[in-house]
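Everything on this sheet refers to the single structure shown next.
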Amino acid sequence: MSTSTLPRHRSLVTFALITATALMVTSCGAGESTGKEPSGRAGAVQNAALPTQDVVSGLEEVPAVSALLPEAVRDRGSLTLALSVGGNPPGSSYLKDGKTLAGQDVDFAHAVAEVLGIELQREVASFEAILPALGSGKYDIGTGNFGVTDERRKTIDFVTYINDGQGFATRADSALPKVTDLVQLCGRKVATGAGTTFEATLQDGKQRCEDAGKEPYEVQTYGDQSAIWSALQQGRADVVMSTINGLRYAVAQQKGFRFLNEYHRLDVGFAFKKGTPLAPAFRAAVNELIENGTYDRILAKWGTTGSALKSSEISPPEAKR
């Protein structure tokens with residue numbers, strides 16, 4: 001894990017190189033980052049295509065918003081934020097230099113910090129470690145495309161900033177149609193990231209195949225995003241389940257794959273310890289970004305305008321399918 005105290009008014013965030021043994025899993029799937037460009041592995045999305053335009057600099061503190069922060073935080077002027085890295089863009093990924101992080105979550109965190117007039121002391125951490133660490137007080141905030149589910153809301157508070165969710169992709173030559181019911185996956189092999197909402201959805205739904213008198217589908221979990229796409233490309237998996245935005249980006253960058261469909265939309269938010277006093281300030285900051293146009297610029301940069309929210313909320317109920 002690497003730590004960085006970030007000055008304000010910077011459009012991209014620079015971190016120390018992550019060692020090859022650091023496993024970093026995103027909520028939309030899994031990914032391993034060594035700080036180097038992937039080479040020779042099927043399905044490795046090339047980071048050279050990542051957009052780098054600055055859409056955040058120029059923001060200033062908004063006193064009416066920063067006043068919502070607890071006094072102790074205003075006096076300290078900083079918060080610790082755990083950031084999950086390593087999945088498909090628009091999630092956080094390294095640029096070709098192996099040091100600079102870019103991604104939708106990076107831009108949103110930076111923009112919110114500017115509006116709140118604080119610095120973020122950021123640490124790269126594995127996805128599965130972030131939410132428990134919030135409860136223990138190790139981090140103040142977590143980000144990494146965390147979907148807001150009813151199960152997570154029992155122990156975590158969220159402040160929403162986009163709407164993403166679960167989707168499917170397959171090989172271009174596959175006859176698999178849109179997956180509107182998990183029963184359509186019976187007898188197939190489904191690749192996804194370990195410790196994600198996708199794995200939980202698939203495991204919870206396996207009984208439906210037995211109830212329908214069909215062979216259950218096989219859930220394959222990976223801690224490396226490239227391994228997921230390699231399994232699909234090589235025929236060891238029939239379909240991939242991951243985030244809607246991540247899948248759309250991946251299939252646009254790689255030949256031989258196609259996006260199947262959206263399955264279940266989820267709001268995505270900054271994560272906090274349950275009962276946090278930070279949530280009202282962060283919600284107001286996101287709404288300020290929506291009002292001043294920065295929000296739309298971030299989404300346009302990452303090609304995710306279809307994920308726009310009308311306003312930020314604190315821990316809204318999970319939308320039902």
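Residues in the structure tokens are named by chain (A, B, ... in the order shown) and by number from 1 within that chain; ligands are numbered from 1 in the order shown.
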Please report, as JSON lines, each residue of range 264-287 of chain A lying at most 9 Å from range 100-121 of chain A, together with the nearest pair of atoms and the separation in Å rounded to one decimal; use only C-alpha atoms, and order rows by chain and ascending residue number.
```
{"residue": "A:Phe270", "atom": "CA", "partner": "A:Ala109", "partner_atom": "CA", "distance": 8.6}
{"residue": "A:Ala281", "atom": "CA", "partner": "A:Leu116", "partner_atom": "CA", "distance": 7.7}
{"residue": "A:Phe282", "atom": "CA", "partner": "A:Val112", "partner_atom": "CA", "distance": 7.1}
{"residue": "A:Ala285", "atom": "CA", "partner": "A:Val112", "partner_atom": "CA", "distance": 5.6}
{"residue": "A:Val286", "atom": "CA", "partner": "A:Val112", "partner_atom": "CA", "distance": 6.4}
```
Keeping N, CA and C atoms for every residue in the selection just given, could you write it to a file as a compact mmCIF listing (two decimals), in the first residue's frame?
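After the write, selection.txt holds the following:
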```txt
# COMPACT_ATOMS: atom_id res chain seq x y z
N PHE A 270 -19.13 7.50 -2.23
CA PHE A 270 -18.06 7.51 -1.25
C PHE A 270 -18.53 6.72 -0.04
N ALA A 281 -21.58 17.08 4.55
CA ALA A 281 -20.64 17.94 3.83
C ALA A 281 -20.30 17.36 2.47
N PHE A 282 -20.08 16.05 2.39
CA PHE A 282 -19.74 15.43 1.12
C PHE A 282 -20.93 15.47 0.16
N ALA A 285 -21.06 18.87 -1.21
CA ALA A 285 -19.96 19.10 -2.15
C ALA A 285 -20.28 18.50 -3.51
N VAL A 286 -20.81 17.28 -3.53
CA VAL A 286 -21.18 16.66 -4.81
C VAL A 286 -22.27 17.48 -5.49
```
Near-Tyr249 in chain A list (10 Å; only C-alpha atoms; drop same-chain fewer than 3 positions) as a list in words: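 Everything that qualifies: Val45, Asn88, Pro89, Pro90, Thr243, Ile244, Asn245, Gly246, Ala252, Gln253, Gln254, Phe259, Trp302, Gly303 and Thr304 of chain A.
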Output as a ChimeraX atom specification all residues of range 151-241 of chain A that backbone DSSP marks as helix (DSSP H, G or I). /A:151-153,182-185,197-205,207-211,225-233
Next, write the just-selected residues to a file, as a PDB file, in the first residue's frame, keeping C-alpha atoms as the atom set.
```
ATOM      1  CA  GLU A 151     -26.515  -5.263   2.786  1.00  0.00           C
ATOM      2  CA  ARG A 152     -23.666  -2.747   2.826  1.00  0.00           C
ATOM      3  CA  ARG A 153     -25.920  -0.013   4.216  1.00  0.00           C
ATOM      4  CA  LEU A 182     -29.706 -15.679 -14.108  1.00  0.00           C
ATOM      5  CA  VAL A 183     -31.394 -18.893 -15.227  1.00  0.00           C
ATOM      6  CA  GLN A 184     -30.094 -18.049 -18.699  1.00  0.00           C
ATOM      7  CA  LEU A 185     -26.590 -18.700 -17.345  1.00  0.00           C
ATOM      8  CA  THR A 197     -21.207  -7.500  -5.563  1.00  0.00           C
ATOM      9  CA  PHE A 198     -21.152  -9.533  -8.773  1.00  0.00           C
ATOM     10  CA  GLU A 199     -19.812 -12.603  -7.023  1.00  0.00           C
ATOM     11  CA  ALA A 200     -22.455 -12.184  -4.310  1.00  0.00           C
ATOM     12  CA  THR A 201     -25.258 -11.826  -6.880  1.00  0.00           C
ATOM     13  CA  LEU A 202     -24.115 -14.912  -8.768  1.00  0.00           C
ATOM     14  CA  GLN A 203     -23.707 -17.046  -5.664  1.00  0.00           C
ATOM     15  CA  ASP A 204     -27.105 -15.990  -4.341  1.00  0.00           C
ATOM     16  CA  GLY A 205     -28.732 -16.868  -7.661  1.00  0.00           C
ATOM     17  CA  GLN A 207     -30.194 -22.027  -6.530  1.00  0.00           C
ATOM     18  CA  ARG A 208     -32.457 -20.788  -9.304  1.00  0.00           C
ATOM     19  CA  CYS A 209     -30.876 -23.234 -11.758  1.00  0.00           C
ATOM     20  CA  GLU A 210     -31.577 -26.171  -9.458  1.00  0.00           C
ATOM     21  CA  ASP A 211     -35.125 -24.945  -8.908  1.00  0.00           C
ATOM     22  CA  GLN A 225      -8.757  -8.178 -14.329  1.00  0.00           C
ATOM     23  CA  SER A 226      -6.630  -9.437 -17.211  1.00  0.00           C
ATOM     24  CA  ALA A 227      -7.201 -13.021 -16.072  1.00  0.00           C
ATOM     25  CA  ILE A 228     -10.956 -12.502 -16.341  1.00  0.00           C
ATOM     26  CA  TRP A 229     -10.730 -11.383 -19.963  1.00  0.00           C
ATOM     27  CA  SER A 230      -8.171 -14.069 -20.797  1.00  0.00           C
ATOM     28  CA  ALA A 231     -10.544 -16.723 -19.460  1.00  0.00           C
ATOM     29  CA  LEU A 232     -13.294 -15.356 -21.683  1.00  0.00           C
ATOM     30  CA  GLN A 233     -11.106 -15.047 -24.753  1.00  0.00           C
TER      31      GLN A 233
END
```
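Across A:Leu79, A:Leu176, A:Ala194, A:Val73, the tightest approach to Glu128 in chain A is made by A:Ala194 when counting only C-alpha atoms.
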At what distance in Å, to one decimal, does CA of Gly195 in chain A lie from CA of Pro280 in chain A? 28.7 Å
Out of range 243-281 of chain A, which residues get strand (DSSP E or B) from DSSP, as a PyMOL selection string? chain A and resi 243+257-273
